[in-house]
$ cat start.pdb   # PDB, C-alpha atoms
ATOM      1  CA  MET A   1      34.936  30.016 -22.671
ATOM      2  CA  SER A   2      37.037  26.981 -23.487
ATOM      3  CA  ILE A   3      35.501  23.845 -24.900
ATOM      4  CA  GLU A   4      37.078  21.837 -22.051
ATOM      5  CA  GLU A   5      34.846  23.313 -19.338
ATOM      6  CA  PRO A   6      31.703  21.248 -19.999
ATOM      7  CA  GLN A   7      33.723  18.039 -19.776
ATOM      8  CA  GLN A   8      35.320  19.252 -16.552
ATOM      9  CA  ASP A   9      31.873  20.025 -15.147
ATOM     10  CA  ARG A  10      30.672  16.544 -15.998
ATOM     11  CA  GLU A  11      33.664  15.020 -14.246
ATOM     12  CA  LYS A  12      33.002  17.134 -11.141
ATOM     13  CA  ARG A  13      29.357  16.085 -11.076
ATOM     14  CA  SER A  14      30.345  12.458 -11.378
ATOM     15  CA  GLN A  15      32.938  12.768  -8.622
ATOM     16  CA  ALA A  16      30.419  14.471  -6.335
ATOM     17  CA  LEU A  17      28.391  11.256  -6.103
ATOM     18  CA  GLN A  18      31.435   9.048  -5.640
ATOM     19  CA  LEU A  19      33.503   8.059  -2.676
ATOM     20  CA  ALA A  20      37.020   6.713  -2.933
ATOM     21  CA  GLY A  21      37.133   3.417  -4.778
ATOM     22  CA  GLN A  22      33.497   3.519  -5.913
ATOM     23  CA  THR A  23      32.283   3.235  -9.461
ATOM     24  CA  ALA A  24      29.740   5.776 -10.693
ATOM     25  CA  ASP A  25      27.014   3.077 -10.717
ATOM     26  CA  LEU A  26      27.745   2.062  -7.133
ATOM     27  CA  ALA A  27      27.840   5.693  -6.030
ATOM     28  CA  LEU A  28      24.435   6.337  -7.591
ATOM     29  CA  LEU A  29      23.041   3.206  -5.953
ATOM     30  CA  ASN A  30      24.338   4.361  -2.571
ATOM     31  CA  ALA A  31      22.818   7.807  -3.087
ATOM     32  CA  ILE A  32      19.436   6.226  -3.868
ATOM     33  CA  HIS A  33      19.623   4.105  -0.717
ATOM     34  CA  LEU A  34      20.586   7.109   1.421
ATOM     35  CA  TRP A  35      17.742   9.186  -0.027
ATOM     36  CA  ALA A  36      15.183   6.415   0.540
ATOM     37  CA  ALA A  37      16.283   5.983   4.168
ATOM     38  CA  ALA A  38      16.299   9.734   4.810
ATOM     39  CA  THR A  39      12.761  10.218   3.501
ATOM     40  CA  THR A  40      11.091   7.189   5.118
ATOM     41  CA  ASP A  41       9.783   6.875   8.658
ATOM     42  CA  ALA A  42      11.810   4.035  10.176
ATOM     43  CA  GLU A  43       9.000   3.274  12.641
ATOM     44  CA  SER A  44       6.372   2.901   9.948
ATOM     45  CA  ALA A  45       4.735  -0.515   9.771
ATOM     46  CA  CYS A  46       5.333  -0.521   6.027
ATOM     47  CA  CYS A  47       8.915   0.791   6.196
ATOM     48  CA  GLU A  48      10.507  -2.078   4.265
ATOM     49  CA  ASP A  49       7.879  -2.002   1.516
ATOM     50  CA  LEU A  50       8.242   1.767   1.173
ATOM     51  CA  LEU A  51      12.032   1.573   0.981
ATOM     52  CA  ARG A  52      11.843  -1.140  -1.670
ATOM     53  CA  SER A  53       9.277   0.761  -3.708
ATOM     54  CA  LYS A  54      11.226   4.031  -3.576
ATOM     55  CA  ARG A  55      14.528   2.450  -4.550
ATOM     56  CA  GLN A  56      12.979   0.513  -7.408
ATOM     57  CA  ALA A  57      11.245   3.593  -8.828
ATOM     58  CA  VAL A  58      14.361   5.782  -8.953
ATOM     59  CA  SER A  59      16.696   2.980 -10.019
ATOM     60  CA  SER A  60      14.394   2.036 -12.890
ATOM     61  CA  PHE A  61      14.460   5.619 -14.158
ATOM     62  CA  PHE A  62      18.249   5.789 -14.323
ATOM     63  CA  ALA A  63      18.341   2.345 -15.936
ATOM     64  CA  HIS A  64      15.917   3.694 -18.550
ATOM     65  CA  CYS A  65      17.751   6.927 -19.366
ATOM     66  CA  GLY A  66      21.339   5.721 -18.858
ATOM     67  CA  LYS A  67      22.539   9.163 -17.792
ATOM     68  CA  HIS A  68      24.310  10.706 -14.824
ATOM     69  CA  PRO A  69      21.841  12.533 -12.511
ATOM     70  CA  GLY A  70      23.401  15.882 -13.420
ATOM     71  CA  GLU A  71      22.849  15.320 -17.145
ATOM     72  CA  VAL A  72      19.162  14.375 -16.955
ATOM     73  CA  THR A  73      16.638  16.743 -18.555
ATOM     74  CA  ALA A  74      12.877  17.082 -18.360
ATOM     75  CA  LEU A  75      12.704  15.382 -21.776
ATOM     76  CA  ASP A  76      14.377  12.286 -20.291
ATOM     77  CA  VAL A  77      11.745  12.168 -17.551
ATOM     78  CA  LYS A  78       9.003  12.696 -20.137
ATOM     79  CA  SER A  79      10.399   9.769 -22.137
ATOM     80  CA  TRP A  80      10.251   7.556 -19.030
ATOM     81  CA  ARG A  81       6.720   8.710 -18.314
ATOM     82  CA  ASP A  82       5.692   7.810 -21.875
ATOM     83  CA  ALA A  83       7.330   4.392 -21.486
ATOM     84  CA  LEU A  84       5.453   3.697 -18.240
ATOM     85  CA  GLU A  85       2.152   4.756 -19.761
ATOM     86  CA  GLY A  86       2.910   2.646 -22.830
ATOM     87  CA  LYS A  87       3.316  -0.401 -20.599
ATOM     88  CA  GLY A  88      -0.179   0.147 -19.224
ATOM     89  CA  PHE A  89       0.697   1.543 -15.793
ATOM     90  CA  LYS A  90      -2.206   3.391 -14.198
ATOM     91  CA  PRO A  91      -2.046   7.202 -13.839
ATOM     92  CA  ALA A  92      -1.681   6.959 -10.047
ATOM     93  CA  THR A  93       1.332   4.625 -10.421
ATOM     94  CA  VAL A  94       3.015   6.850 -13.001
ATOM     95  CA  TYR A  95       2.434   9.906 -10.836
ATOM     96  CA  ALA A  96       3.838   8.137  -7.752
ATOM     97  CA  ARG A  97       7.009   6.995  -9.535
ATOM     98  CA  ILE A  98       7.801  10.406 -10.997
ATOM     99  CA  SER A  99       7.050  11.995  -7.624
ATOM    100  CA  ARG A 100       9.656   9.729  -6.054
ATOM    101  CA  LEU A 101      12.182  10.718  -8.692
ATOM    102  CA  SER A 102      11.385  14.365  -7.938
ATOM    103  CA  SER A 103      11.876  13.695  -4.222
ATOM    104  CA  PHE A 104      15.286  12.154  -4.962
ATOM    105  CA  TYR A 105      16.395  15.268  -6.837
ATOM    106  CA  THR A 106      15.099  17.551  -4.091
ATOM    107  CA  TRP A 107      17.142  15.584  -1.552
ATOM    108  CA  VAL A 108      20.279  15.665  -3.735
ATOM    109  CA  MET A 109      19.980  19.416  -4.293
ATOM    110  CA  ARG A 110      19.815  20.033  -0.529
ATOM    111  CA  ASP A 111      23.057  18.146   0.064
ATOM    112  CA  PRO A 112      25.920  20.646   0.554
ATOM    113  CA  ALA A 113      28.303  18.716  -1.713
ATOM    114  CA  LEU A 114      25.947  17.328  -4.349
ATOM    115  CA  GLY A 115      23.871  20.496  -4.591
ATOM    116  CA  GLN A 116      26.811  22.370  -6.093
ATOM    117  CA  PHE A 117      26.635  20.262  -9.237
ATOM    118  CA  ILE A 118      22.965  19.250  -9.456
ATOM    119  CA  THR A 119      21.000  22.470  -9.235
ATOM    120  CA  SER A 120      17.714  21.688 -10.995
ATOM    121  CA  ASN A 121      14.970  19.088 -10.671
ATOM    122  CA  PRO A 122      14.138  17.654 -14.128
ATOM    123  CA  ALA A 123      11.169  15.704 -12.760
ATOM    124  CA  GLN A 124       9.361  18.787 -11.535
ATOM    125  CA  ASN A 125       8.061  19.947 -14.905
ATOM    126  CA  ALA A 126       7.591  16.476 -16.380
ATOM    127  CA  ARG A 127       5.337  15.183 -13.622
ATOM    128  CA  PRO A 128       1.690  14.673 -14.651
ATOM    129  CA  LYS A 129      -1.206  16.174 -12.753
ATOM    130  CA  CYS A 130      -2.111  14.335  -9.584
ATOM    131  CA  PRO A 131      -4.938  11.863 -10.362
ATOM    132  CA  LYS A 132      -8.240  12.527  -8.673
ATOM    133  CA  PRO A 133      -8.573  10.439  -5.482
ATOM    134  CA  TYR A 134     -10.618   7.257  -5.461
ATOM    135  CA  GLN A 135     -11.057   7.171  -9.223
ATOM    136  CA  THR A 136      -9.234   3.892  -9.839
ATOM    137  CA  GLU A 137     -10.321   0.258  -9.679
ATOM    138  CA  SER A 138      -8.892   0.063  -6.168
ATOM    139  CA  SER A 139     -11.635   2.409  -4.949
ATOM    140  CA  LYS A 140     -14.533   0.209  -5.990
ATOM    141  CA  ALA A 141     -16.176  -1.822  -3.283
ATOM    142  CA  LEU A 142     -17.024  -5.455  -3.953
ATOM    143  CA  ASP A 143     -20.702  -6.304  -3.785
ATOM    144  CA  ASP A 144     -21.989  -8.932  -1.351
ATOM    145  CA  GLU A 145     -22.004 -11.684  -3.952
ATOM    146  CA  GLN A 146     -18.415 -10.986  -4.987
ATOM    147  CA  ILE A 147     -16.989 -10.816  -1.487
ATOM    148  CA  SER A 148     -18.863 -13.971  -0.456
ATOM    149  CA  ALA A 149     -17.506 -15.836  -3.494
ATOM    150  CA  LEU A 150     -13.976 -14.624  -2.736
ATOM    151  CA  ILE A 151     -14.166 -15.734   0.899
ATOM    152  CA  ARG A 152     -15.493 -19.166  -0.143
ATOM    153  CA  VAL A 153     -12.552 -19.708  -2.516
ATOM    154  CA  VAL A 154      -9.980 -18.954   0.189
ATOM    155  CA  MET A 155     -11.946 -20.837   2.870
ATOM    156  CA  GLU A 156     -11.957 -23.989   0.710
ATOM    157  CA  ARG A 157      -8.189 -23.845   0.331
ATOM    158  CA  ALA A 158      -7.824 -23.392   4.087
ATOM    159  CA  ALA A 159     -10.199 -26.293   4.787
ATOM    160  CA  ALA A 160      -8.051 -28.537   2.566
ATOM    161  CA  GLY A 161      -5.235 -28.132   5.103
ATOM    162  CA  ASP A 162      -2.999 -25.830   3.067
ATOM    163  CA  VAL A 163      -1.057 -23.563   5.448
ATOM    164  CA  VAL A 164      -0.897 -20.701   2.927
ATOM    165  CA  GLY A 165      -4.647 -21.014   2.498
ATOM    166  CA  LYS A 166      -5.150 -20.888   6.266
ATOM    167  CA  ARG A 167      -2.959 -17.800   6.521
ATOM    168  CA  ASP A 168      -4.681 -16.023   3.627
ATOM    169  CA  TYR A 169      -8.136 -16.934   4.958
ATOM    170  CA  ALA A 170      -7.325 -15.408   8.356
ATOM    171  CA  LEU A 171      -5.826 -12.367   6.614
ATOM    172  CA  LEU A 172      -8.853 -11.840   4.369
ATOM    173  CA  LEU A 173     -11.252 -12.099   7.294
ATOM    174  CA  MET A 174      -9.138  -9.578   9.216
ATOM    175  CA  PHE A 175      -9.272  -7.134   6.302
ATOM    176  CA  ILE A 176     -12.998  -7.530   5.692
ATOM    177  CA  THR A 177     -14.180  -7.381   9.315
ATOM    178  CA  THR A 178     -11.951  -4.514  10.507
ATOM    179  CA  GLY A 179     -11.540  -2.285   7.433
ATOM    180  CA  MET A 180      -7.881  -1.850   8.362
ATOM    181  CA  ARG A 181      -5.431  -0.608   5.751
ATOM    182  CA  ARG A 182      -3.006  -2.853   3.893
ATOM    183  CA  GLN A 183       0.083  -2.288   6.037
ATOM    184  CA  GLU A 184      -1.871  -2.054   9.266
ATOM    185  CA  VAL A 185      -2.817  -5.708   8.812
ATOM    186  CA  ILE A 186       0.285  -7.032   7.048
ATOM    187  CA  GLY A 187       2.604  -5.362   9.568
ATOM    188  CA  LEU A 188       0.980  -6.893  12.650
ATOM    189  CA  ARG A 189       3.198  -8.610  15.200
ATOM    190  CA  GLY A 190       2.209 -11.057  17.888
ATOM    191  CA  SER A 191       2.500  -8.372  20.553
ATOM    192  CA  ASP A 192      -0.114  -6.280  18.720
ATOM    193  CA  LEU A 193      -2.836  -8.800  19.581
ATOM    194  CA  GLU A 194      -4.451  -9.632  22.891
ATOM    195  CA  LEU A 195      -7.339 -11.804  24.025
ATOM    196  CA  ARG A 196      -9.809 -10.094  26.365
ATOM    197  CA  ASN A 197     -12.548 -12.506  27.338
ATOM    198  CA  ASP A 198     -13.859 -13.606  23.934
ATOM    199  CA  ASP A 199     -12.679 -10.513  22.049
ATOM    200  CA  LEU A 200      -9.548 -10.331  19.938
ATOM    201  CA  VAL A 201      -8.020  -6.877  20.521
ATOM    202  CA  VAL A 202      -5.830  -5.629  17.682
ATOM    203  CA  ARG A 203      -3.492  -2.676  18.217
ATOM    204  CA  CYS A 204      -1.689  -1.008  15.327
ATOM    205  CA  ARG A 205      -0.107   2.224  14.225
ATOM    206  CA  VAL A 206      -2.484   3.878  11.790
ATOM    207  CA  LYS A 207      -2.090   6.516   9.117
ATOM    208  CA  GLY A 208      -1.004   9.731  10.820
ATOM    209  CA  GLY A 209       1.161   7.960  13.407
ATOM    210  CA  ASP A 210      -1.451   7.299  16.103
ATOM    211  CA  TYR A 211      -1.845   3.921  17.810
ATOM    212  CA  VAL A 212      -5.360   2.512  17.784
ATOM    213  CA  GLY A 213      -6.811  -0.573  19.414
ATOM    214  CA  ARG A 214      -9.920  -2.264  18.093
ATOM    215  CA  ALA A 215     -11.874  -5.222  19.424
ATOM    216  CA  VAL A 216     -12.926  -7.957  16.998
ATOM    217  CA  ASN A 217     -15.653 -10.038  18.619
ATOM    218  CA  GLU A 218     -16.456 -12.257  15.626
ATOM    219  CA  PRO A 219     -15.253 -15.779  16.636
ATOM    220  CA  LEU A 220     -14.656 -16.733  12.992
ATOM    221  CA  VAL A 221     -11.734 -14.273  12.793
ATOM    222  CA  ARG A 222     -10.145 -15.465  16.035
ATOM    223  CA  ASP A 223     -10.596 -19.151  15.138
ATOM    224  CA  ALA A 224      -9.130 -18.671  11.648
ATOM    225  CA  LEU A 225      -6.099 -16.891  13.088
ATOM    226  CA  PHE A 226      -5.323 -19.581  15.659
ATOM    227  CA  ASP A 227      -5.997 -22.322  13.120
ATOM    228  CA  TYR A 228      -3.295 -20.761  10.951
ATOM    229  CA  LEU A 229      -0.815 -20.365  13.818
ATOM    230  CA  ARG A 230      -1.350 -23.984  14.900
ATOM    231  CA  ALA A 231      -0.936 -25.238  11.335
ATOM    232  CA  CYS A 232       2.518 -23.678  11.029
ATOM    233  CA  ASP A 233       3.477 -24.415  14.654
ATOM    234  CA  ARG A 234       3.723 -20.718  15.504
ATOM    235  CA  THR A 235       1.249 -20.274  18.361
ATOM    236  CA  ASN A 236       4.180 -18.916  20.396
ATOM    237  CA  ALA A 237       4.219 -15.899  18.058
ATOM    238  CA  PHE A 238       1.072 -14.636  19.794
ATOM    239  CA  GLY A 239       2.173 -12.018  22.315
ATOM    240  CA  SER A 240       5.761 -11.950  21.009
ATOM    241  CA  ASP A 241       7.519  -9.357  18.866
ATOM    242  CA  ARG A 242       7.666 -11.759  15.919
ATOM    243  CA  PRO A 243       5.650 -11.054  12.754
ATOM    244  CA  LEU A 244       2.139 -12.478  12.811
ATOM    245  CA  TRP A 245       2.088 -13.417   9.113
ATOM    246  CA  THR A 246       5.035 -15.220   7.538
ATOM    247  CA  ARG A 247       5.989 -16.758   4.216
ATOM    248  CA  HIS A 248       5.576 -20.467   3.577
ATOM    249  CA  ASP A 249       6.536 -20.716  -0.099
ATOM    250  CA  ARG A 250       9.720 -22.224  -1.467
ATOM    251  CA  ALA A 251      10.750 -18.966  -3.129
ATOM    252  CA  GLY A 252      11.064 -17.140   0.186
ATOM    253  CA  ARG A 253      12.961 -17.767   3.409
ATOM    254  CA  ALA A 254      10.812 -19.830   5.775
ATOM    255  CA  GLY A 255       9.543 -17.689   8.613
ATOM    256  CA  ALA A 256      10.319 -14.404   6.847
ATOM    257  CA  PRO A 257       7.659 -11.698   7.274
ATOM    258  CA  LEU A 258       4.958 -11.777   4.623
ATOM    259  CA  SER A 259       5.024  -8.760   2.301
ATOM    260  CA  SER A 260       1.886  -7.055   1.072
ATOM    261  CA  HIS A 261       3.059  -7.775  -2.487
ATOM    262  CA  SER A 262       3.004 -11.523  -1.864
ATOM    263  CA  PHE A 263      -0.495 -11.453  -0.386
ATOM    264  CA  SER A 264      -1.708  -9.163  -3.171
ATOM    265  CA  LYS A 265      -0.476 -11.675  -5.759
ATOM    266  CA  ASN A 266      -2.333 -14.510  -3.994
ATOM    267  CA  LEU A 267      -5.467 -12.370  -3.681
ATOM    268  CA  LYS A 268      -5.557 -11.783  -7.436
ATOM    269  CA  GLY A 269      -5.445 -15.556  -7.974
ATOM    270  CA  TYR A 270      -8.303 -16.137  -5.538
ATOM    271  CA  ALA A 271     -10.295 -13.362  -7.221
ATOM    272  CA  ARG A 272      -9.929 -14.970 -10.650
ATOM    273  CA  ALA A 273     -11.173 -18.249  -9.218
ATOM    274  CA  ALA A 274     -14.160 -16.364  -7.762
ATOM    275  CA  GLY A 275     -14.950 -14.778 -11.125
ATOM    276  CA  ILE A 276     -13.644 -11.322 -10.209
ATOM    277  CA  GLU A 277     -11.526  -9.836 -12.988
ATOM    278  CA  LYS A 278      -9.640  -7.166 -11.040
ATOM    279  CA  ILE A 279      -8.969  -6.716  -7.359
ATOM    280  CA  HIS A 280      -6.810  -4.619  -5.065
ATOM    281  CA  ILE A 281      -6.259  -5.074  -1.329
ATOM    282  CA  HIS A 282      -7.663  -1.594  -0.645
ATOM    283  CA  GLN A 283     -11.015  -2.739  -2.031
ATOM    284  CA  THR A 284     -11.504  -4.695   1.192
ATOM    285  CA  ARG A 285     -11.515  -1.376   3.088
ATOM    286  CA  HIS A 286     -14.007   0.139   0.663
ATOM    287  CA  THR A 287     -16.154  -2.980   0.926
ATOM    288  CA  PHE A 288     -16.075  -2.679   4.719
ATOM    289  CA  ALA A 289     -17.126   0.986   4.387
ATOM    290  CA  ARG A 290     -19.975   0.096   2.032
ATOM    291  CA  ILE A 291     -21.399  -2.537   4.347
ATOM    292  CA  ILE A 292     -21.113  -0.358   7.480
ATOM    293  CA  SER A 293     -22.750   2.550   5.665
ATOM    294  CA  GLU A 294     -25.608   0.423   4.368
ATOM    295  CA  GLU A 295     -26.162  -1.348   7.689
ATOM    296  CA  THR A 296     -26.103   1.754   9.882
ATOM    297  CA  GLY A 297     -27.238   4.455   7.463
ATOM    298  CA  SER A 298     -24.897   6.755   9.389
ATOM    299  CA  ILE A 299     -21.921   8.583   7.950
ATOM    300  CA  VAL A 300     -20.692   9.299  11.504
ATOM    301  CA  GLU A 301     -20.640   5.598  12.418
ATOM    302  CA  THR A 302     -18.898   4.831   9.143
ATOM    303  CA  GLN A 303     -16.314   7.530   9.849
ATOM    304  CA  ASP A 304     -15.671   6.070  13.296
ATOM    305  CA  ALA A 305     -15.352   2.524  11.908
ATOM    306  CA  LEU A 306     -12.851   3.664   9.269
ATOM    307  CA  GLY A 307     -10.903   5.818  11.707
ATOM    308  CA  HIS A 308     -11.106   8.904   9.503
ATOM    309  CA  LYS A 309     -10.275  12.174  11.257
ATOM    310  CA  ASN A 310     -11.983  14.193   8.536
ATOM    311  CA  LEU A 311     -15.637  13.563   7.771
ATOM    312  CA  ALA A 312     -15.061  14.797   4.213
ATOM    313  CA  THR A 313     -12.810  11.795   3.572
ATOM    314  CA  THR A 314     -15.589   9.444   4.631
ATOM    315  CA  ARG A 315     -18.017  11.271   2.364
ATOM    316  CA  VAL A 316     -15.713  10.597  -0.579
ATOM    317  CA  TYR A 317     -15.644   6.896   0.329
ATOM    318  CA  ILE A 318     -19.350   6.299   0.701
ATOM    319  CA  GLY A 319     -20.393   8.853  -1.900
ATOM    320  CA  ARG A 320     -18.889   6.652  -4.593
ATOM    321  CA  ILE A 321     -19.318   3.175  -3.203
ATOM    322  CA  ALA A 322     -22.541   2.982  -1.220
ATOM    323  CA  VAL A 323     -26.235   3.481  -1.729
ATOM    324  CA  LYS A 324     -27.949   5.350   1.082
ATOM    325  CA  ARG A 325     -30.649   3.279   2.735
ATOM    326  CA  ASP A 326     -34.207   4.481   2.090
ATOM    327  CA  ARG A 327     -35.824   5.257   5.431
ATOM    328  CA  HIS A 328     -38.406   7.817   4.393
ATOM    329  CA  SER A 329     -40.089   7.220   1.017
ATOM    330  CA  GLN A 330     -42.911   5.045   2.377
ATOM    331  CA  GLN A 331     -43.728   7.553   5.119
ATOM    332  CA  ILE A 332     -43.752  10.402   2.599
ATOM    333  CA  ILE A 333     -46.091   8.572   0.220
ATOM    334  CA  SER A 334     -48.337   7.510   3.109
ATOM    335  CA  ARG A 335     -48.513  11.052   4.505
ATOM    336  CA  LEU A 336     -49.401  12.507   1.109
ATOM    337  CA  SER A 337     -52.103   9.856   0.621
ATOM    338  CA  ILE A 338     -50.935   9.148  -2.913
ATOM    339  CA  LYS A 339     -51.735   5.422  -2.837
TER     340      LYS A 339
END
$ encode --input "start.pdb" --output "structure tokens"
Amino acid sequence: MSIEEPQQDREKRSQALQLAGQTADLALLNAIHLWAAATTDAESACCEDLLRSKRQAVSSFFAHCGKHPGEVTALDVKSWRDALEGKGFKPATVYARISRLSSFYTWVMRDPALGQFITSNPAQNARPKCPKPYQTESSKALDDEQISALIRVVMERAAAGDVVGKRDYALLLMFITTGMRRQEVIGLRGSDLELRNDDLVVRCRVKGGDYVGRAVNEPLVRDALFDYLRACDRTNAFGSDRPLWTRHDRAGRAGAPLSSHSFSKNLKGYARAAGIEKIHIHQTRHTFARIISEETGSIVETQDALGHKNLATTRVYIGRIAVKRDRHSQQIISRLSIK
């Protein structure tokens, strides 16, 4: 075997990712974009956020290792994993990023042209074990005092006339009173809402692809929403295909759809002002589940409110975040004549 063959193989691998006139870096970037688009549901409400997250994860790996995809080894992925953990990223985040890198390699290997030169997935053996579900800070429900303090902080900013405060107040109320997921709320468009008598009916595509409509009969939510739309002169967005929530900061294009990242950043600031050290948008859903469970004492009603298809999923939620209401101890003691 001649010593020239490895170099020839490297050149072939490099050329496999490139089109005429492209640099290797541009070719890799294009491959990442094609993979992200091919593995993301274009009709998903969180499509843009998912695409951004996927591209950033894989691009950051190649920026870290500085190698061609065909030259990457499991040790390179392990080095990246160590770097992420060293920066304080949570296990779920590390697992998600390496899983996306693994998905990229799986896609490349299935390509008729690229698969000839990239025949192994270096991320497969370097990926950590999947973290146990609902074990992170994002799974912890806020107690009544915390959620009340958080709402007051945002409400005060809204009452001061700040349009961002009005938007975030309406958003927070929507999260807390419906238990909807992050992208189900952030991705709402004007056409997803309808007024029926005094009820605000919200329709959205939920996890699993189904469309669900839910009535919100609390006037505070409806009033906060229309207060926000009036404040930014966007009442005509109601019933249209335009995004319901938009950006109003100087850093973003006026009228551009609000991203969940932007709201999450604001939420962390409100939480600090309310004396809450850590917060995650998904905690609003767990808080909703806690309150429904405690108010009704019924896991079936809680399952229905959350929209879970599997009762076991609801059990995981309320098993960790709620205290079952005592309905029987007094009757038991009375019956046994212990007092």
$ atom_distance --input "start.pdb" --atom1 "atom CA of Asn125 of chain A" --atom2 "atom CA of Pro91 of chain A"
16.3 Å
$ closest_residue --input "start.pdb" --among "A:Ile299, A:Ala36, A:Leu142, A:Ala170" --to "Phe263 of chain A" --atoms "all atoms listed in the file"
A:Ala170
$ atom_distance --input "start.pdb" --atom1 "atom CA of His248 of chain A" --atom2 "atom CA of Val221 of chain A"
20.6 Å
$ closest_residue --input "start.pdb" --among "A:Val300, A:Val216, A:Ala38, A:Leu50" --to "Phe175 of chain A" --atoms "all atoms listed in the file"
A:Val216
$ atom_distance --input "start.pdb" --atom1 "atom CA of Asp192 of chain A" --atom2 "atom CA of Phe238 of chain A"
8.5 Å
